[in-house]
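work_39.pdb, holding PDB, C-alpha atoms:
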```pdb
ATOM      1  CA  MET C   1    -114.197 -41.124  -7.771
ATOM      2  CA  GLU C   2    -113.145 -43.831 -10.191
ATOM      3  CA  GLY C   3    -115.692 -46.173  -8.633
ATOM      4  CA  LYS C   4    -118.510 -43.653  -9.018
ATOM      5  CA  SER C   5    -117.487 -42.961 -12.598
ATOM      6  CA  ARG C   6    -117.513 -46.679 -13.367
ATOM      7  CA  ILE C   7    -120.977 -47.041 -11.816
ATOM      8  CA  ARG C   8    -122.281 -44.141 -13.907
ATOM      9  CA  LYS C   9    -120.892 -45.750 -17.066
ATOM     10  CA  ILE C  10    -122.508 -49.064 -16.182
ATOM     11  CA  LYS C  11    -125.855 -47.352 -15.544
ATOM     12  CA  SER C  12    -125.610 -45.389 -18.799
ATOM     13  CA  ARG C  13    -124.813 -48.554 -20.721
ATOM     14  CA  HIS C  14    -127.658 -50.341 -18.955
ATOM     15  CA  TRP C  15    -130.211 -47.680 -19.917
ATOM     16  CA  LEU C  16    -128.864 -47.579 -23.466
ATOM     17  CA  LEU C  17    -129.398 -51.320 -23.822
ATOM     18  CA  ILE C  18    -132.908 -51.010 -22.360
ATOM     19  CA  SER C  19    -133.716 -48.191 -24.778
ATOM     20  CA  ILE C  20    -132.460 -50.147 -27.780
ATOM     21  CA  ALA C  21    -134.340 -53.268 -26.688
ATOM     22  CA  SER C  22    -137.516 -51.222 -26.184
ATOM     23  CA  LEU C  23    -137.244 -49.690 -29.651
ATOM     24  CA  VAL C  24    -136.690 -53.114 -31.208
ATOM     25  CA  LEU C  25    -139.688 -54.515 -29.322
ATOM     26  CA  LEU C  26    -141.884 -51.604 -30.408
ATOM     27  CA  GLY C  27    -140.762 -52.114 -34.000
ATOM     28  CA  VAL C  28    -141.606 -55.817 -33.850
ATOM     29  CA  LEU C  29    -145.026 -55.134 -32.310
ATOM     30  CA  TRP C  30    -145.772 -52.453 -34.905
ATOM     31  CA  THR C  31    -144.777 -54.799 -37.717
ATOM     32  CA  ILE C  32    -146.943 -57.631 -36.371
ATOM     33  CA  THR C  33    -149.898 -55.287 -35.835
ATOM     34  CA  THR C  34    -149.606 -53.855 -39.352
ATOM     35  CA  ALA C  35    -149.364 -57.316 -40.912
ATOM     36  CA  SER C  36    -152.448 -58.395 -38.948
ATOM     37  CA  LEU C  37    -154.420 -55.368 -40.144
ATOM     38  CA  ILE C  38    -153.471 -56.105 -43.765
ATOM     39  CA  TRP C  39    -154.420 -59.764 -43.388
ATOM     40  CA  THR C  40    -157.806 -59.108 -41.749
ATOM     41  CA  TYR C  41    -158.646 -56.458 -44.363
ATOM     42  CA  THR C  42    -158.615 -59.098 -47.105
ATOM     43  CA  ASP C  43    -162.249 -59.899 -46.258
ATOM     44  CA  GLU C  44    -163.400 -56.306 -46.839
ATOM     45  CA  GLU C  45    -165.546 -56.132 -49.962
ATOM     46  CA  SER C  46    -168.230 -53.701 -51.096
ATOM     47  CA  SER C  47    -171.088 -54.466 -53.476
ATOM     48  CA  ARG C  48    -171.780 -50.773 -54.055
ATOM     49  CA  GLN C  49    -172.382 -49.683 -57.618
ATOM     50  CA  SER C  50    -169.624 -47.388 -58.908
ATOM     51  CA  ASP C  51    -168.961 -45.457 -62.076
ATOM     52  CA  ALA C  52    -165.833 -47.471 -62.810
ATOM     53  CA  ALA C  53    -163.610 -50.245 -61.551
ATOM     54  CA  ILE C  54    -159.959 -49.275 -61.279
ATOM     55  CA  ILE C  55    -157.889 -52.366 -62.025
ATOM     56  CA  LEU C  56    -154.478 -51.872 -60.458
ATOM     57  CA  GLY C  57    -151.718 -52.889 -62.834
ATOM     58  CA  ALA C  58    -149.483 -55.918 -62.517
ATOM     59  CA  ALA C  59    -146.862 -57.649 -64.621
ATOM     60  CA  VAL C  60    -147.519 -58.773 -68.179
ATOM     61  CA  GLU C  61    -145.861 -61.435 -70.283
ATOM     62  CA  GLY C  62    -145.708 -60.057 -73.799
ATOM     63  CA  ASP C  63    -149.304 -59.732 -74.964
ATOM     64  CA  ASN C  64    -150.659 -61.733 -72.048
ATOM     65  CA  PRO C  65    -151.374 -60.720 -68.460
ATOM     66  CA  SER C  66    -149.433 -62.506 -65.756
ATOM     67  CA  PRO C  67    -151.476 -64.897 -63.575
ATOM     68  CA  VAL C  68    -151.731 -62.164 -60.904
ATOM     69  CA  PHE C  69    -152.960 -59.543 -63.375
ATOM     70  CA  ARG C  70    -155.338 -62.000 -65.045
ATOM     71  CA  GLU C  71    -157.092 -62.642 -61.729
ATOM     72  CA  ARG C  72    -157.643 -58.900 -61.290
ATOM     73  CA  ILE C  73    -158.972 -58.466 -64.830
ATOM     74  CA  GLU C  74    -161.355 -61.411 -64.564
ATOM     75  CA  HIS C  75    -162.695 -60.106 -61.269
ATOM     76  CA  ALA C  76    -163.351 -56.710 -62.850
ATOM     77  CA  ILE C  77    -165.093 -58.399 -65.809
ATOM     78  CA  LEU C  78    -167.309 -60.247 -63.324
ATOM     79  CA  LEU C  79    -168.294 -56.964 -61.673
ATOM     80  CA  TYR C  80    -169.013 -55.527 -65.112
ATOM     81  CA  ARG C  81    -171.260 -58.454 -66.047
ATOM     82  CA  GLU C  82    -173.063 -58.254 -62.710
ATOM     83  CA  GLY C  83    -173.795 -54.577 -63.340
ATOM     84  CA  THR C  84    -171.921 -53.411 -60.255
ATOM     85  CA  ILE C  85    -169.769 -51.145 -62.396
ATOM     86  CA  SER C  86    -170.328 -49.702 -65.859
ATOM     87  CA  HIS C  87    -166.743 -49.030 -66.948
ATOM     88  CA  LEU C  88    -163.303 -50.558 -66.530
ATOM     89  CA  LEU C  89    -160.298 -48.292 -66.006
ATOM     90  CA  PHE C  90    -157.035 -50.118 -66.579
ATOM     91  CA  THR C  91    -153.803 -48.790 -65.111
ATOM     92  CA  GLY C  92    -150.117 -49.435 -65.600
ATOM     93  CA  GLY C  93    -147.272 -48.507 -67.911
ATOM     94  CA  SER C  94    -144.391 -50.545 -69.284
ATOM     95  CA  GLY C  95    -140.757 -51.069 -68.464
ATOM     96  CA  SER C  96    -139.547 -49.905 -71.868
ATOM     97  CA  ALA C  97    -140.807 -48.398 -75.112
ATOM     98  CA  GLU C  98    -140.643 -51.823 -76.793
ATOM     99  CA  GLU C  99    -142.979 -53.448 -74.280
ATOM    100  CA  ARG C 100    -146.745 -53.163 -74.250
ATOM    101  CA  THR C 101    -148.213 -51.386 -71.262
ATOM    102  CA  GLU C 102    -150.056 -53.252 -68.541
ATOM    103  CA  ALA C 103    -153.181 -51.212 -69.261
ATOM    104  CA  GLU C 104    -153.144 -52.110 -72.961
ATOM    105  CA  VAL C 105    -152.764 -55.814 -72.237
ATOM    106  CA  GLY C 106    -155.571 -55.602 -69.680
ATOM    107  CA  ARG C 107    -157.851 -53.814 -72.134
ATOM    108  CA  ASP C 108    -157.260 -56.371 -74.889
ATOM    109  CA  TYR C 109    -157.927 -59.251 -72.500
ATOM    110  CA  ALA C 110    -161.197 -57.666 -71.353
ATOM    111  CA  VAL C 111    -162.350 -56.973 -74.913
ATOM    112  CA  SER C 112    -161.583 -60.571 -75.915
ATOM    113  CA  HIS C 113    -163.843 -61.670 -73.054
ATOM    114  CA  GLY C 114    -166.846 -59.651 -74.095
ATOM    115  CA  VAL C 115    -166.371 -56.185 -72.590
ATOM    116  CA  ASP C 116    -167.484 -53.355 -74.868
ATOM    117  CA  PRO C 117    -164.378 -51.332 -75.881
ATOM    118  CA  LEU C 118    -166.438 -48.159 -75.375
ATOM    119  CA  ASP C 119    -166.701 -49.054 -71.682
ATOM    120  CA  ILE C 120    -162.921 -49.220 -71.208
ATOM    121  CA  LEU C 121    -160.535 -46.411 -70.284
ATOM    122  CA  MET C 122    -156.794 -46.512 -69.644
ATOM    123  CA  GLU C 123    -153.871 -44.679 -68.137
ATOM    124  CA  THR C 124    -150.540 -45.965 -69.388
ATOM    125  CA  ASP C 125    -147.923 -43.945 -67.496
ATOM    126  CA  SER C 126    -147.923 -45.310 -63.945
ATOM    127  CA  ARG C 127    -145.402 -47.676 -62.404
ATOM    128  CA  ILE C 128    -146.509 -47.874 -58.759
ATOM    129  CA  THR C 129    -149.844 -48.078 -56.928
ATOM    130  CA  GLU C 130    -149.993 -44.413 -55.962
ATOM    131  CA  GLU C 131    -149.404 -43.389 -59.577
ATOM    132  CA  ASN C 132    -152.112 -45.860 -60.673
ATOM    133  CA  LEU C 133    -154.611 -44.001 -58.533
ATOM    134  CA  VAL C 134    -153.422 -40.443 -59.188
ATOM    135  CA  ASN C 135    -153.576 -40.984 -62.952
ATOM    136  CA  SER C 136    -156.932 -42.736 -62.653
ATOM    137  CA  ILE C 137    -158.395 -39.670 -60.969
ATOM    138  CA  ARG C 138    -157.336 -37.546 -63.924
ATOM    139  CA  VAL C 139    -158.787 -39.978 -66.476
ATOM    140  CA  GLY C 140    -161.943 -40.461 -64.423
ATOM    141  CA  GLU C 141    -162.578 -36.747 -64.042
ATOM    142  CA  GLN C 142    -162.339 -36.298 -67.806
ATOM    143  CA  ALA C 143    -164.911 -39.061 -68.246
ATOM    144  CA  GLY C 144    -167.220 -37.596 -65.599
ATOM    145  CA  PHE C 145    -166.707 -40.380 -63.054
ATOM    146  CA  HIS C 146    -167.253 -39.746 -59.354
ATOM    147  CA  THR C 147    -167.225 -43.156 -57.662
ATOM    148  CA  TYR C 148    -164.800 -46.029 -58.003
ATOM    149  CA  THR C 149    -164.383 -49.677 -57.074
ATOM    150  CA  ILE C 150    -160.732 -50.627 -56.648
ATOM    151  CA  VAL C 151    -159.787 -54.110 -57.809
ATOM    152  CA  SER C 152    -156.607 -55.831 -56.715
ATOM    153  CA  ASP C 153    -155.306 -58.810 -54.756
ATOM    154  CA  PRO C 154    -156.661 -59.205 -51.210
ATOM    155  CA  LEU C 155    -153.294 -58.526 -49.538
ATOM    156  CA  HIS C 156    -152.801 -55.395 -51.668
ATOM    157  CA  MET C 157    -156.185 -53.905 -50.815
ATOM    158  CA  LYS C 158    -155.414 -52.325 -47.425
ATOM    159  CA  ARG C 159    -152.605 -50.169 -48.799
ATOM    160  CA  ALA C 160    -154.507 -49.343 -51.985
ATOM    161  CA  MET C 161    -157.512 -48.095 -50.001
ATOM    162  CA  LYS C 162    -155.250 -46.126 -47.657
ATOM    163  CA  LEU C 163    -153.783 -44.347 -50.679
ATOM    164  CA  ALA C 164    -157.211 -43.798 -52.243
ATOM    165  CA  ASN C 165    -158.583 -42.270 -49.052
ATOM    166  CA  ARG C 166    -155.558 -39.996 -48.743
ATOM    167  CA  LEU C 167    -156.190 -38.814 -52.313
ATOM    168  CA  GLY C 168    -159.804 -38.014 -51.462
ATOM    169  CA  MET C 169    -161.311 -40.632 -53.765
ATOM    170  CA  ASP C 170    -164.841 -41.914 -53.271
ATOM    171  CA  ALA C 171    -163.722 -45.515 -53.534
ATOM    172  CA  VAL C 172    -164.640 -48.932 -52.161
ATOM    173  CA  PRO C 173    -162.639 -52.182 -52.157
ATOM    174  CA  SER C 174    -163.329 -55.292 -54.195
ATOM    175  CA  PRO C 175    -160.497 -57.807 -53.797
ATOM    176  CA  THR C 176    -160.194 -60.690 -56.216
ATOM    177  CA  ARG C 177    -162.161 -63.716 -55.072
ATOM    178  CA  THR C 178    -159.391 -65.973 -56.301
ATOM    179  CA  THR C 179    -155.706 -65.164 -56.260
ATOM    180  CA  ALA C 180    -152.477 -66.428 -57.746
ATOM    181  CA  TYR C 181    -151.033 -66.260 -54.223
ATOM    182  CA  ARG C 182    -152.667 -69.458 -52.966
ATOM    183  CA  THR C 183    -150.006 -71.013 -50.754
ATOM    184  CA  TRP C 184    -148.402 -69.642 -47.612
ATOM    185  CA  ARG C 185    -145.022 -69.831 -49.372
ATOM    186  CA  SER C 186    -146.244 -67.348 -51.993
ATOM    187  CA  GLN C 187    -148.427 -65.294 -49.635
ATOM    188  CA  PHE C 188    -145.765 -64.607 -47.015
ATOM    189  CA  PRO C 189    -143.369 -62.608 -49.288
ATOM    190  CA  PHE C 190    -146.348 -60.612 -50.599
ATOM    191  CA  LEU C 191    -147.566 -59.926 -47.050
ATOM    192  CA  ALA C 192    -144.057 -58.957 -45.913
ATOM    193  CA  ARG C 193    -143.668 -56.571 -48.855
ATOM    194  CA  GLU C 194    -147.068 -54.979 -48.263
ATOM    195  CA  THR C 195    -146.324 -54.610 -44.551
ATOM    196  CA  ILE C 196    -143.057 -52.784 -45.223
ATOM    197  CA  LEU C 197    -144.636 -50.538 -47.868
ATOM    198  CA  TYR C 198    -147.639 -49.755 -45.680
ATOM    199  CA  MET C 199    -145.418 -48.868 -42.726
ATOM    200  CA  GLY C 200    -143.252 -46.708 -44.976
ATOM    201  CA  TYR C 201    -146.322 -44.905 -46.258
ATOM    202  CA  MET C 202    -147.478 -44.257 -42.690
ATOM    203  CA  VAL C 203    -144.079 -42.812 -41.760
ATOM    204  CA  LYS C 204    -144.173 -40.622 -44.861
ATOM    205  CA  GLY C 205    -147.620 -39.389 -43.823
ATOM    206  CA  TRP C 206    -146.386 -38.506 -40.343
ATOM    207  CA  ILE C 207    -143.445 -36.580 -41.797
ATOM    208  CA  ASP C 208    -145.548 -34.751 -44.386
ATOM    209  CA  ASN C 209    -148.435 -33.941 -42.013
ATOM    210  CA  PRO C 210    -147.093 -33.849 -38.430
ATOM    211  CA  GLN C 211    -149.883 -31.547 -37.223
ATOM    212  CA  GLN C 212    -152.613 -33.871 -38.495
ATOM    213  CA  HIS C 213    -151.143 -36.842 -36.626
ATOM    214  CA  GLY C 214    -150.536 -34.779 -33.520
ATOM    215  CA  LYS C 215    -154.253 -34.016 -33.029
TER     216      LYS C 215
END
```

For this file, write the structure as structure tokens.
Amino acid sequence: MEGKSRIRKIKSRHWLLISIASLVLLGVLWTITTASLIWTYTDEESSRQSDAAIILGAAVEGDNPSPVFRERIEHAILLYREGTISHLLFTGGSGSAEERTEAEVGRDYAVSHGVDPLDILMETDSRITEENLVNSIRVGEQAGFHTYTIVSDPLHMKRAMKLANRLGMDAVPSPTRTTAYRTWRSQFPFLARETILYMGYMVKGWIDNPQQHGK
């Protein structure tokens, strides 16, 4: 009996190890697949005309946009000059009451580069990408907008469009044609962060809407 019991324990331990290894392998494969999808999506760009470009917020340095934010603003200004979009909608709040909001800094930069202030709208309360988009919908609806072009860094675009689609926005992507993340050393942390956030958002979607994902 002791021999049979020992065999059962060995088999149970064996299957436990196999199960753990399988879960780890699935997790690794899912992570690699997600990262690949984010990377390949960086080439997605639409030239469709939209009512407004939503410039997703990024860090500011006092009254100046950070290099990352500046690239996004300049890309939106280019779309504006090309006539692809007629309005700019800047997003992003601030870390404290003493700091200027990302949207305000973006607006001032655009105005200083020739954009008509009447063609600029803002939302100044958001801190994360989903809030950027939710608040932009509210501002856009008040202005009578229906279509949007989302402007952000190439590696950020997959998650941003996933969020926009989930919110029911009629939106197309337009990633910056240049980026502050030029080297692999700077791109890899950004890609890793986006991969984790995208996977987390997918898990949240499965939890919130199990029936939809079960179809």

Residues near Ile32 in chain C, cut-off 12 Å, all atoms listed in the file, skip fewer than 3 positions along chain, as a list in words: Leu25, Leu26, Gly27, Val28, Leu29, Ala35, Ser36, Leu37, Ile38, Trp39, Leu191, Ala192, Thr195, Ile196 and Met199 of chain C

Create the file for the chosen residues now, containing C-alpha atoms and written as a PDB file, in the frame of the given file.
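Final output, saved to part-v8.pdb:
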```pdb
ATOM      1  CA  LEU C  25    -139.688 -54.515 -29.322  1.00  0.00           C
ATOM      2  CA  LEU C  26    -141.884 -51.604 -30.408  1.00  0.00           C
ATOM      3  CA  GLY C  27    -140.762 -52.114 -34.000  1.00  0.00           C
ATOM      4  CA  VAL C  28    -141.606 -55.817 -33.850  1.00  0.00           C
ATOM      5  CA  LEU C  29    -145.026 -55.134 -32.310  1.00  0.00           C
ATOM      6  CA  ALA C  35    -149.364 -57.316 -40.912  1.00  0.00           C
ATOM      7  CA  SER C  36    -152.448 -58.395 -38.948  1.00  0.00           C
ATOM      8  CA  LEU C  37    -154.420 -55.368 -40.144  1.00  0.00           C
ATOM      9  CA  ILE C  38    -153.471 -56.105 -43.765  1.00  0.00           C
ATOM     10  CA  TRP C  39    -154.420 -59.764 -43.388  1.00  0.00           C
ATOM     11  CA  LEU C 191    -147.566 -59.926 -47.050  1.00  0.00           C
ATOM     12  CA  ALA C 192    -144.057 -58.957 -45.913  1.00  0.00           C
ATOM     13  CA  THR C 195    -146.324 -54.610 -44.551  1.00  0.00           C
ATOM     14  CA  ILE C 196    -143.057 -52.784 -45.223  1.00  0.00           C
ATOM     15  CA  MET C 199    -145.418 -48.868 -42.726  1.00  0.00           C
TER      16      MET C 199
END
```

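Near Ala110 in chain C, within a cut-off of 10 Å and counting all atoms listed in the file, sit the residues Arg70, Ile73, Glu74, Ala76, Ile77, Leu88, Phe90, Glu104, Val105, Gly106, Arg107, His113, Gly114, Val115, Asp116, Pro117 and Ile120 of chain C, with same-chain residues fewer than 3 positions away left out.
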
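The coordinates place CA of Leu155 in chain C at 10.7 Å from CA of Glu44 in chain C.
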
Residue IDs satisfying the PyMOL selection byres ((chain C and resi 128) around 12), as JSON, numbers by chain: {"C": [56, 57, 58, 59, 91, 92, 93, 94, 95, 102, 124, 125, 126, 127, 129, 130, 131, 132, 133, 134, 135, 159, 160, 163, 197]}

I want to know what sits within 8 Å of Ser136 in chain C, based on all atoms listed in the file, with residues of the same chain fewer than 4 positions away left out; could you give that as a PDB file with C-alpha atoms, keeping the file's coordinate frame?
```
ATOM      1  CA  ILE C  54    -159.959 -49.275 -61.279  1.00  0.00           C
ATOM      2  CA  LEU C  89    -160.298 -48.292 -66.006  1.00  0.00           C
ATOM      3  CA  THR C  91    -153.803 -48.790 -65.111  1.00  0.00           C
ATOM      4  CA  MET C 122    -156.794 -46.512 -69.644  1.00  0.00           C
ATOM      5  CA  GLU C 123    -153.871 -44.679 -68.137  1.00  0.00           C
ATOM      6  CA  ASN C 132    -152.112 -45.860 -60.673  1.00  0.00           C
ATOM      7  CA  GLY C 140    -161.943 -40.461 -64.423  1.00  0.00           C
TER       8      GLY C 140
END
```

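Going from CA of Val111 in chain C to CA of Glu99 in chain C covers 19.7 Å.
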
What would range 165-176 of chain C look like with all heavy atoms restored, written as a tab-separated table (two decimals), keeping the file's coordinate frame?
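Written output follows (part39.tsv):
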```tsv
chain	number	residue	atom	x	y	z
C	165	ASN	N	-157.98	-43.18	-50.04
C	165	ASN	CA	-158.58	-42.27	-49.05
C	165	ASN	C	-157.75	-41.01	-48.89
C	165	ASN	O	-158.29	-39.91	-48.77
C	165	ASN	CB	-158.73	-42.99	-47.70
C	165	ASN	CG	-159.77	-44.10	-47.75
C	165	ASN	OD1	-160.69	-44.06	-48.57
C	165	ASN	ND2	-159.63	-45.09	-46.89
C	166	ARG	N	-156.43	-41.16	-48.88
C	166	ARG	CA	-155.56	-40.00	-48.74
C	166	ARG	C	-155.70	-39.05	-49.94
C	166	ARG	O	-155.57	-37.83	-49.81
C	166	ARG	CB	-154.11	-40.46	-48.60
C	166	ARG	CG	-153.11	-39.34	-48.35
C	166	ARG	CD	-153.32	-38.66	-47.01
C	166	ARG	NE	-153.18	-39.57	-45.90
C	166	ARG	CZ	-152.03	-39.92	-45.34
C	166	ARG	NH1	-150.90	-39.41	-45.81
C	166	ARG	NH2	-152.00	-40.74	-44.31
C	167	LEU	N	-156.01	-39.61	-51.11
C	167	LEU	CA	-156.19	-38.81	-52.31
C	167	LEU	C	-157.59	-38.22	-52.43
C	167	LEU	O	-157.89	-37.49	-53.37
C	167	LEU	CB	-155.90	-39.67	-53.55
C	167	LEU	CG	-154.45	-40.10	-53.75
C	167	LEU	CD1	-154.34	-41.15	-54.85
C	167	LEU	CD2	-153.56	-38.91	-54.07
C	168	GLY	N	-158.45	-38.56	-51.47
C	168	GLY	CA	-159.80	-38.01	-51.46
C	168	GLY	C	-160.76	-38.70	-52.42
C	168	GLY	O	-161.79	-38.13	-52.79
C	169	MET	N	-160.45	-39.91	-52.83
C	169	MET	CA	-161.31	-40.63	-53.76
C	169	MET	C	-162.53	-41.21	-53.06
C	169	MET	O	-162.45	-41.66	-51.91
C	169	MET	CB	-160.53	-41.77	-54.44
C	169	MET	CG	-159.33	-41.33	-55.23
C	169	MET	SD	-158.42	-42.73	-55.94
C	169	MET	CE	-159.61	-43.29	-57.17
C	170	ASP	N	-163.65	-41.21	-53.74
C	170	ASP	CA	-164.84	-41.91	-53.27
C	170	ASP	C	-164.74	-43.33	-53.81
C	170	ASP	O	-165.22	-43.65	-54.90
C	170	ASP	CB	-166.11	-41.22	-53.78
C	170	ASP	CG	-167.39	-41.86	-53.24
C	170	ASP	OD1	-167.30	-42.91	-52.58
C	170	ASP	OD2	-168.48	-41.30	-53.48
C	171	ALA	N	-164.06	-44.18	-53.05
C	171	ALA	CA	-163.72	-45.52	-53.53
C	171	ALA	C	-164.06	-46.58	-52.50
C	171	ALA	O	-164.04	-46.33	-51.29
C	171	ALA	CB	-162.24	-45.59	-53.87
C	172	VAL	N	-164.38	-47.77	-53.02
C	172	VAL	CA	-164.64	-48.93	-52.16
C	172	VAL	C	-163.78	-50.10	-52.65
C	172	VAL	O	-163.37	-50.13	-53.81
C	172	VAL	CB	-166.13	-49.32	-52.18
C	172	VAL	CG1	-166.99	-48.22	-51.55
C	172	VAL	CG2	-166.60	-49.63	-53.60
C	173	PRO	N	-163.50	-51.06	-51.77
C	173	PRO	CA	-162.64	-52.18	-52.16
C	173	PRO	C	-163.43	-53.34	-52.75
C	173	PRO	O	-164.56	-53.61	-52.38
C	173	PRO	CB	-162.01	-52.60	-50.82
C	173	PRO	CG	-163.09	-52.30	-49.82
C	173	PRO	CD	-163.79	-51.06	-50.32
C	174	SER	N	-162.78	-54.03	-53.68
C	174	SER	CA	-163.33	-55.29	-54.20
C	174	SER	C	-162.15	-56.20	-54.54
C	174	SER	O	-161.69	-56.24	-55.69
C	174	SER	CB	-164.21	-55.05	-55.43
C	174	SER	OG	-164.86	-56.27	-55.82
C	175	PRO	N	-161.64	-56.92	-53.55
C	175	PRO	CA	-160.50	-57.81	-53.80
C	175	PRO	C	-160.89	-58.99	-54.67
C	175	PRO	O	-162.06	-59.40	-54.69
C	175	PRO	CB	-160.10	-58.27	-52.39
C	175	PRO	CG	-161.37	-58.16	-51.60
C	175	PRO	CD	-162.11	-56.98	-52.15
C	176	THR	N	-159.94	-59.52	-55.39
C	176	THR	CA	-160.19	-60.69	-56.22
C	176	THR	C	-160.67	-61.84	-55.34
C	176	THR	O	-160.18	-62.03	-54.23
C	176	THR	CB	-158.93	-61.11	-56.98
C	176	THR	OG1	-157.88	-61.36	-56.03
C	176	THR	CG2	-158.49	-60.03	-57.94
```
